[in-house]
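Below is protein.pdb, which holds PDB, C-alpha atoms.
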ATOM      1  CA  MET A   9     124.678 -28.205  42.827  1.00  0.00           C
ATOM      2  CA  SER A  10     125.316 -29.137  39.207  1.00  0.00           C
ATOM      3  CA  ILE A  11     121.594 -28.807  38.441  1.00  0.00           C
ATOM      4  CA  ARG A  12     121.579 -25.193  39.600  1.00  0.00           C
ATOM      5  CA  VAL A  13     124.616 -24.427  37.444  1.00  0.00           C
ATOM      6  CA  ALA A  14     122.984 -25.984  34.380  1.00  0.00           C
ATOM      7  CA  PHE A  15     119.780 -23.968  34.731  1.00  0.00           C
ATOM      8  CA  ALA A  16     121.349 -20.734  35.951  1.00  0.00           C
ATOM      9  CA  PRO A  17     122.537 -19.474  32.527  1.00  0.00           C
ATOM     10  CA  THR A  18     119.304 -20.407  30.714  1.00  0.00           C
ATOM     11  CA  LEU A  19     116.866 -19.002  33.267  1.00  0.00           C
ATOM     12  CA  PRO A  20     117.656 -15.309  32.520  1.00  0.00           C
ATOM     13  CA  LEU A  21     117.423 -16.007  28.780  1.00  0.00           C
ATOM     14  CA  LEU A  22     114.027 -17.625  29.226  1.00  0.00           C
ATOM     15  CA  ALA A  23     112.816 -14.670  31.313  1.00  0.00           C
ATOM     16  CA  VAL A  24     113.986 -12.168  28.672  1.00  0.00           C
ATOM     17  CA  ALA A  25     112.302 -14.157  25.883  1.00  0.00           C
ATOM     18  CA  LEU A  26     108.999 -14.178  27.785  1.00  0.00           C
ATOM     19  CA  LEU A  27     109.217 -10.442  28.469  1.00  0.00           C
ATOM     20  CA  ILE A  28     109.910  -9.665  24.825  1.00  0.00           C
ATOM     21  CA  ALA A  29     107.012 -11.818  23.688  1.00  0.00           C
ATOM     22  CA  GLY A  30     104.686 -10.140  26.188  1.00  0.00           C
ATOM     23  CA  CYS A  31     105.825  -6.647  25.237  1.00  0.00           C
ATOM     24  CA  HIS A  32     105.392  -7.356  21.551  1.00  0.00           C
ATOM     25  CA  ARG A  33     101.805  -8.459  21.967  1.00  0.00           C
ATOM     26  CA  ALA A  34     100.930  -5.557  24.249  1.00  0.00           C
ATOM     27  CA  GLY A  35     102.507  -3.142  21.753  1.00  0.00           C
ATOM     28  CA  ALA A  36     100.499  -4.590  18.856  1.00  0.00           C
ATOM     29  CA  ASP A  37      97.235  -4.276  20.801  1.00  0.00           C
ATOM     30  CA  ALA A  38      98.148  -0.795  22.028  1.00  0.00           C
ATOM     31  CA  ASP A  39      98.934   0.410  18.481  1.00  0.00           C
ATOM     32  CA  ALA A  40      95.419  -0.267  17.182  1.00  0.00           C
ATOM     33  CA  PRO A  41      93.777   2.756  18.894  1.00  0.00           C
ATOM     34  CA  ALA A  42      96.765   4.963  18.052  1.00  0.00           C
ATOM     35  CA  ASN A  43      96.573   4.019  14.367  1.00  0.00           C
ATOM     36  CA  ALA A  44      92.834   4.692  14.323  1.00  0.00           C
ATOM     37  CA  ALA A  45      93.377   8.081  15.952  1.00  0.00           C
ATOM     38  CA  ALA A  46      96.141   8.925  13.471  1.00  0.00           C
ATOM     39  CA  ALA A  47      93.914   8.000  10.534  1.00  0.00           C
ATOM     40  CA  ALA A  48      91.175  10.328  11.820  1.00  0.00           C
ATOM     41  CA  PHE A  49      93.550  13.251  12.519  1.00  0.00           C
ATOM     42  CA  VAL A  50      92.694  16.487  10.768  1.00  0.00           C
ATOM     43  CA  PRO A  51      95.481  19.089  10.975  1.00  0.00           C
ATOM     44  CA  PRO A  52      94.475  22.528  12.204  1.00  0.00           C
ATOM     45  CA  ARG A  53      94.038  25.230   9.598  1.00  0.00           C
ATOM     46  CA  VAL A  54      96.699  27.893   9.301  1.00  0.00           C
ATOM     47  CA  VAL A  55      95.601  31.247  10.630  1.00  0.00           C
ATOM     48  CA  ALA A  56      97.347  34.557  10.355  1.00  0.00           C
ATOM     49  CA  ALA A  57      99.433  35.606  13.318  1.00  0.00           C
ATOM     50  CA  LYS A  58      97.987  38.422  15.360  1.00  0.00           C
ATOM     51  CA  PRO A  59     100.467  40.454  17.395  1.00  0.00           C
ATOM     52  CA  LEU A  60      99.544  41.556  20.878  1.00  0.00           C
ATOM     53  CA  PRO A  61      98.955  45.281  21.332  1.00  0.00           C
ATOM     54  CA  GLY A  62     102.315  46.994  21.352  1.00  0.00           C
ATOM     55  CA  GLN A  63     104.039  43.965  19.815  1.00  0.00           C
ATOM     56  CA  THR A  64     104.082  45.122  16.224  1.00  0.00           C
ATOM     57  CA  PRO A  65     107.519  45.044  14.593  1.00  0.00           C
ATOM     58  CA  SER A  66     109.582  47.991  15.760  1.00  0.00           C
ATOM     59  CA  THR A  67     112.309  47.371  13.178  1.00  0.00           C
ATOM     60  CA  PRO A  68     111.482  48.885   9.790  1.00  0.00           C
ATOM     61  CA  ILE A  69     111.210  46.367   6.975  1.00  0.00           C
ATOM     62  CA  THR A  70     113.912  48.270   5.091  1.00  0.00           C
ATOM     63  CA  ALA A  71     116.433  47.098   7.727  1.00  0.00           C
ATOM     64  CA  TYR A  72     116.364  43.698   5.977  1.00  0.00           C
ATOM     65  CA  VAL A  73     117.549  45.099   2.638  1.00  0.00           C
ATOM     66  CA  GLY A  74     121.024  43.722   1.928  1.00  0.00           C
ATOM     67  CA  LYS A  75     120.608  40.842   4.416  1.00  0.00           C
ATOM     68  CA  PHE A  76     119.756  37.248   3.537  1.00  0.00           C
ATOM     69  CA  PRO A  77     116.236  35.909   4.339  1.00  0.00           C
ATOM     70  CA  HIS A  78     117.567  33.693   7.138  1.00  0.00           C
ATOM     71  CA  ASP A  79     119.740  36.432   8.684  1.00  0.00           C
ATOM     72  CA  PRO A  80     117.952  37.836  11.735  1.00  0.00           C
ATOM     73  CA  VAL A  81     117.598  41.568  12.219  1.00  0.00           C
ATOM     74  CA  ASP A  82     117.081  42.413  15.897  1.00  0.00           C
ATOM     75  CA  GLY A  83     116.586  38.679  16.490  1.00  0.00           C
ATOM     76  CA  VAL A  84     113.844  38.148  13.874  1.00  0.00           C
ATOM     77  CA  MET A  85     114.318  36.550  10.456  1.00  0.00           C
ATOM     78  CA  PHE A  86     112.557  38.085   7.453  1.00  0.00           C
ATOM     79  CA  PHE A  87     109.857  35.419   7.034  1.00  0.00           C
ATOM     80  CA  ASP A  88     109.278  35.335  10.814  1.00  0.00           C
ATOM     81  CA  ARG A  89     108.128  38.960  10.978  1.00  0.00           C
ATOM     82  CA  THR A  90     104.386  38.991  11.661  1.00  0.00           C
ATOM     83  CA  ASP A  91     103.589  41.203   8.673  1.00  0.00           C
ATOM     84  CA  VAL A  92     105.701  39.166   6.234  1.00  0.00           C
ATOM     85  CA  ALA A  93     104.539  35.799   7.647  1.00  0.00           C
ATOM     86  CA  ASN A  94     100.883  36.837   7.333  1.00  0.00           C
ATOM     87  CA  ALA A  95     101.414  38.036   3.777  1.00  0.00           C
ATOM     88  CA  LEU A  96     103.111  34.745   2.839  1.00  0.00           C
ATOM     89  CA  VAL A  97     100.281  32.651   4.348  1.00  0.00           C
ATOM     90  CA  GLU A  98      97.627  34.746   2.581  1.00  0.00           C
ATOM     91  CA  THR A  99      99.488  34.733  -0.736  1.00  0.00           C
ATOM     92  CA  VAL A 100     100.557  31.068  -0.825  1.00  0.00           C
ATOM     93  CA  PRO A 101      97.844  29.050   0.975  1.00  0.00           C
ATOM     94  CA  ASP A 102      99.418  25.641   0.242  1.00  0.00           C
ATOM     95  CA  ALA A 103     101.832  24.782   3.106  1.00  0.00           C
ATOM     96  CA  THR A 104     104.041  22.551   0.950  1.00  0.00           C
ATOM     97  CA  MET A 105     104.500  25.251  -1.651  1.00  0.00           C
ATOM     98  CA  ARG A 106     104.963  27.887   1.057  1.00  0.00           C
ATOM     99  CA  SER A 107     107.846  25.878   2.535  1.00  0.00           C
ATOM    100  CA  HIS A 108     109.881  26.566  -0.635  1.00  0.00           C
ATOM    101  CA  PHE A 109     109.933  30.243   0.286  1.00  0.00           C
ATOM    102  CA  ARG A 110     110.146  30.078   4.065  1.00  0.00           C
ATOM    103  CA  GLU A 111     112.267  27.027   4.797  1.00  0.00           C
ATOM    104  CA  THR A 112     114.637  26.830   1.851  1.00  0.00           C
ATOM    105  CA  ARG A 113     118.172  27.482   3.039  1.00  0.00           C
ATOM    106  CA  SER A 114     119.842  26.817  -0.255  1.00  0.00           C
ATOM    107  CA  THR A 115     121.293  29.567  -2.380  1.00  0.00           C
ATOM    108  CA  GLU A 116     119.661  32.738  -1.157  1.00  0.00           C
ATOM    109  CA  LYS A 117     120.141  36.195  -2.545  1.00  0.00           C
ATOM    110  CA  PRO A 118     120.210  39.341  -0.421  1.00  0.00           C
ATOM    111  CA  ILE A 119     116.856  40.990   0.237  1.00  0.00           C
ATOM    112  CA  PHE A 120     116.334  43.950  -2.075  1.00  0.00           C
ATOM    113  CA  ALA A 121     114.005  46.894  -2.566  1.00  0.00           C
ATOM    114  CA  ARG A 122     112.305  47.572  -5.879  1.00  0.00           C
ATOM    115  CA  GLY A 123     109.591  50.144  -6.511  1.00  0.00           C
ATOM    116  CA  GLY A 124     108.298  50.267  -2.927  1.00  0.00           C
ATOM    117  CA  LEU A 125     108.376  46.458  -2.597  1.00  0.00           C
ATOM    118  CA  ILE A 126     110.778  44.400  -0.495  1.00  0.00           C
ATOM    119  CA  GLY A 127     111.926  41.282  -2.348  1.00  0.00           C
ATOM    120  CA  ALA A 128     113.540  37.999  -1.347  1.00  0.00           C
ATOM    121  CA  ALA A 129     114.777  35.324  -3.733  1.00  0.00           C
ATOM    122  CA  GLY A 130     116.534  31.987  -3.746  1.00  0.00           C
ATOM    123  CA  CYS A 131     117.330  29.033  -5.942  1.00  0.00           C
ATOM    124  CA  ASP A 132     118.511  25.428  -5.944  1.00  0.00           C
ATOM    125  CA  PRO A 133     122.307  25.459  -5.536  1.00  0.00           C
ATOM    126  CA  ASP A 134     122.666  22.625  -8.060  1.00  0.00           C
ATOM    127  CA  ASP A 135     120.368  24.171 -10.675  1.00  0.00           C
ATOM    128  CA  CYS A 136     119.763  27.863 -10.026  1.00  0.00           C
ATOM    129  CA  ALA A 137     118.178  28.458 -13.439  1.00  0.00           C
ATOM    130  CA  GLY A 138     116.013  25.335 -13.139  1.00  0.00           C
ATOM    131  CA  ARG A 139     114.470  25.816  -9.683  1.00  0.00           C
ATOM    132  CA  ASP A 140     114.046  29.256  -8.153  1.00  0.00           C
ATOM    133  CA  TRP A 141     111.610  31.425  -6.205  1.00  0.00           C
ATOM    134  CA  THR A 142     110.886  35.088  -5.547  1.00  0.00           C
ATOM    135  CA  PHE A 143     108.737  36.824  -2.953  1.00  0.00           C
ATOM    136  CA  PHE A 144     107.729  40.493  -3.023  1.00  0.00           C
ATOM    137  CA  PHE A 145     106.226  42.112   0.073  1.00  0.00           C
ATOM    138  CA  ASN A 146     104.374  45.419  -0.119  1.00  0.00           C
ATOM    139  CA  PRO A 147     104.832  47.148   3.261  1.00  0.00           C
ATOM    140  CA  ALA A 148     102.274  49.828   2.344  1.00  0.00           C
ATOM    141  CA  ASP A 149      99.296  47.448   2.372  1.00  0.00           C
ATOM    142  CA  GLY A 150     100.739  44.189   3.780  1.00  0.00           C
ATOM    143  CA  THR A 151     100.136  42.189   0.591  1.00  0.00           C
ATOM    144  CA  ALA A 152     102.611  40.047  -1.304  1.00  0.00           C
ATOM    145  CA  GLU A 153     103.280  38.356  -4.605  1.00  0.00           C
ATOM    146  CA  ALA A 154     105.261  35.152  -4.989  1.00  0.00           C
ATOM    147  CA  CYS A 155     106.664  33.058  -7.810  1.00  0.00           C
ATOM    148  CA  TYR A 156     107.987  29.479  -7.892  1.00  0.00           C
ATOM    149  CA  HIS A 157     109.691  27.870 -10.881  1.00  0.00           C
ATOM    150  CA  ASP A 158     110.777  24.244 -11.370  1.00  0.00           C
ATOM    151  CA  THR A 159     111.872  23.432 -14.923  1.00  0.00           C
ATOM    152  CA  VAL A 160     111.433  19.675 -14.435  1.00  0.00           C
ATOM    153  CA  LEU A 161     107.786  20.050 -13.385  1.00  0.00           C
ATOM    154  CA  MET A 162     106.789  23.228 -15.212  1.00  0.00           C
ATOM    155  CA  GLN A 163     109.063  23.402 -18.287  1.00  0.00           C
ATOM    156  CA  ASP A 164     109.190  27.084 -19.297  1.00  0.00           C
ATOM    157  CA  ALA A 165     106.381  28.295 -17.006  1.00  0.00           C
ATOM    158  CA  SER A 166     106.259  29.476 -13.383  1.00  0.00           C
ATOM    159  CA  ARG A 167     103.544  29.364 -10.736  1.00  0.00           C
ATOM    160  CA  ARG A 168     102.726  32.892  -9.630  1.00  0.00           C
ATOM    161  CA  PHE A 169     100.718  33.685  -6.504  1.00  0.00           C
ATOM    162  CA  HIS A 170      98.720  36.813  -5.765  1.00  0.00           C
ATOM    163  CA  ARG A 171      96.152  37.238  -2.956  1.00  0.00           C
ATOM    164  CA  GLY A 172      95.726  33.493  -2.451  1.00  0.00           C
ATOM    165  CA  SER A 173      95.255  32.506  -6.078  1.00  0.00           C
ATOM    166  CA  ALA A 174      97.811  30.821  -8.294  1.00  0.00           C
ATOM    167  CA  SER A 175      98.320  30.993 -12.025  1.00  0.00           C
ATOM    168  CA  MET A 176     100.846  29.592 -14.456  1.00  0.00           C
ATOM    169  CA  GLN A 177     102.721  32.104 -16.584  1.00  0.00           C
ATOM    170  CA  THR A 178     105.457  31.710 -19.154  1.00  0.00           C
ATOM    171  CA  GLY A 179     109.008  32.382 -18.035  1.00  0.00           C
ATOM    172  CA  PRO A 180     111.107  31.920 -14.924  1.00  0.00           C
ATOM    173  CA  CYS A 181     110.795  33.927 -11.721  1.00  0.00           C
ATOM    174  CA  THR A 182     112.898  37.073 -11.846  1.00  0.00           C
ATOM    175  CA  ALA A 183     114.480  38.494  -8.725  1.00  0.00           C
ATOM    176  CA  SER A 184     116.300  41.577  -9.794  1.00  0.00           C
TER     177      SER A 184
END
Show the structure stored in the file as C-alpha cells.
Amino acid sequence: MSIRVAFAPTLPLLAVALLIAGCHRAGADADAPANAAAAAFVPPRVVAAKPLPGQTPSTPITAYVGKFPHDPVDGVMFFDRTDVANALVETVPDATMRSHFRETRSTEKPIFARGGLIGAAGCDPDDCAGRDWTFFFNPADGTAEACYHDTVLMQDASRRFHRGSASMQTGPCTAS
C-alpha cells in the first residue's frame, strides 16, 4: 500500500513531462513545412473594387462634406466608398503609404469641398505640423491626388501622388 502512495503523486507528473516532450518535438517537425510555405508566400496584388450592376454608391459624395473620414454616411465610411477606394489604390500604389490615409484615426479634419474636389485631411495628434496628409478626390473623373508629409523623414518636403506616380515637392501638405 505504501508503494502505491509513493508512486501515485509522481506518476501524473511523469506522464505530463512525456506528453510535453512529445508535443514539443512534433511541433518542431510540423513547423518546418509551415515555415517553408510562409517563406514562399507571395501576397496577392491589389485590384480595384468593381461594384455589381446596380450597386454603385447611391449617396452623393457631397454628403460626406462636413463629416470626418471615419464617420459613415448611410453606413459607408469615406475611404470605403468604391469610387474613393479605387481612386486611392490607383493614386497611392504602395499599401504601407496608403494606410496613412485610409487607416489613420488620429486627428482628422472634416471632409471639405474645394473647386469641384472633395478633400480629406489628417495629422499626427502629437505633431500636427510635422506629420500630416491630404487626399483630394475628383468625382467628375474618379481620379485623386494625395500628399503625405513627415518632417523627420522628409525635412521640408512632402511626397505627392498623382495617377500612381510619386514626387517630392517642397512644403507641407495643405488641407484648406
Coordinates-based distance that separates atom CA of A:Ala93 from atom CA of A:Ser107 (Å, one decimal):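 Result for atom CA of A:Ser107 versus atom CA of A:Ala93: 11.6 Å, one decimal.
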Residue nearest A:Pro101 among A:Ala48, A:Ala154, A:Cys181, A:Cys136 (counting all atoms listed in the file):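 Of A:Ala48, A:Ala154, A:Cys181, A:Cys136, the one nearest A:Pro101, counting all atoms listed in the file, is A:Ala154.
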Report as a PDB file with C-alpha atoms, in the coordinates of the input the full result of the PyMOL selection byres ((chain A and resi 131) around 7) when it is applied to this structure.
ATOM      1  CA  SER A 114     119.842  26.817  -0.255  1.00  0.00           C
ATOM      2  CA  THR A 115     121.293  29.567  -2.380  1.00  0.00           C
ATOM      3  CA  GLU A 116     119.661  32.738  -1.157  1.00  0.00           C
ATOM      4  CA  GLY A 130     116.534  31.987  -3.746  1.00  0.00           C
ATOM      5  CA  ASP A 132     118.511  25.428  -5.944  1.00  0.00           C
ATOM      6  CA  PRO A 133     122.307  25.459  -5.536  1.00  0.00           C
ATOM      7  CA  CYS A 136     119.763  27.863 -10.026  1.00  0.00           C
ATOM      8  CA  ARG A 139     114.470  25.816  -9.683  1.00  0.00           C
ATOM      9  CA  ASP A 140     114.046  29.256  -8.153  1.00  0.00           C
ATOM     10  CA  TRP A 141     111.610  31.425  -6.205  1.00  0.00           C
TER      11      TRP A 141
END
Reference answer for the PyMOL selection byres ((chain A and resi 168) around 6), as JSON, numbers by chain: {"A": [154, 155, 167, 169, 174, 175]}
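Applied to the file shown here, the PyMOL selection byres ((chain A and resi 84) around 12) selects the residues Pro65, Ser66, Thr67, Pro68, Ile69, Ala71, Tyr72, Lys75, Phe76, Pro77, His78, Asp79, Pro80, Val81, Asp82, Gly83, Met85, Phe86, Phe87, Asp88, Arg89, Thr90, Asp91, Val92 and Ala93 of chain A.
Note that atom CA of A:Met162 and atom CA of A:Phe120 are 26.3 Å apart.
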Find the residues near A:Gly124: any atom within 9 Å, counting only C-alpha atoms, skip ones fewer than 5 places away on the same chain, and give them as a compact mmCIF listing (two decimals) with C-alpha atoms, in the coordinates of the input.
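Result file around_27.txt:
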# COMPACT_ATOMS: atom_id res chain seq x y z
CA PHE A 145 106.23 42.11 0.07
CA ASN A 146 104.37 45.42 -0.12
CA PRO A 147 104.83 47.15 3.26
CA ALA A 148 102.27 49.83 2.34
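Of the residues under consideration (A:Ala121, A:Met105, A:Ala129, A:Leu96), A:Leu96 shows the shortest atom-to-atom contact distance to A:Glu153 when counting only C-alpha atoms.
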For A:Pro180: contacts at 7 Å, only C-alpha atoms, fewer than 2 positions along chain excluded, given as a PyMOL selection string: chain A and resi 157+164-166+182
Selection from above, C-alpha atoms, as a compact mmCIF listing (two decimals), in the frame of the given file, can you write it?
# COMPACT_ATOMS: atom_id res chain seq x y z
CA HIS A 157 109.69 27.87 -10.88
CA ASP A 164 109.19 27.08 -19.30
CA ALA A 165 106.38 28.30 -17.01
CA SER A 166 106.26 29.48 -13.38
CA THR A 182 112.90 37.07 -11.85
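You will find atom CA of A:Leu125 at 28.5 Å from atom CA of A:Leu161.
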Counting all atoms listed in the file, the option among A:Gly74, A:Val100, A:Asp158, A:Asn94 closest to A:Ile126: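 Of A:Gly74, A:Val100, A:Asp158, A:Asn94, the one nearest A:Ile126 is A:Gly74, counting all atoms listed in the file.
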Residue with smallest distance to A:His170 - pool A:Phe109, A:Val73, A:Asp102, A:Ala152, counting all atoms listed in the file: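 Looking at the shortest contact to A:His170, the residue is A:Ala152.
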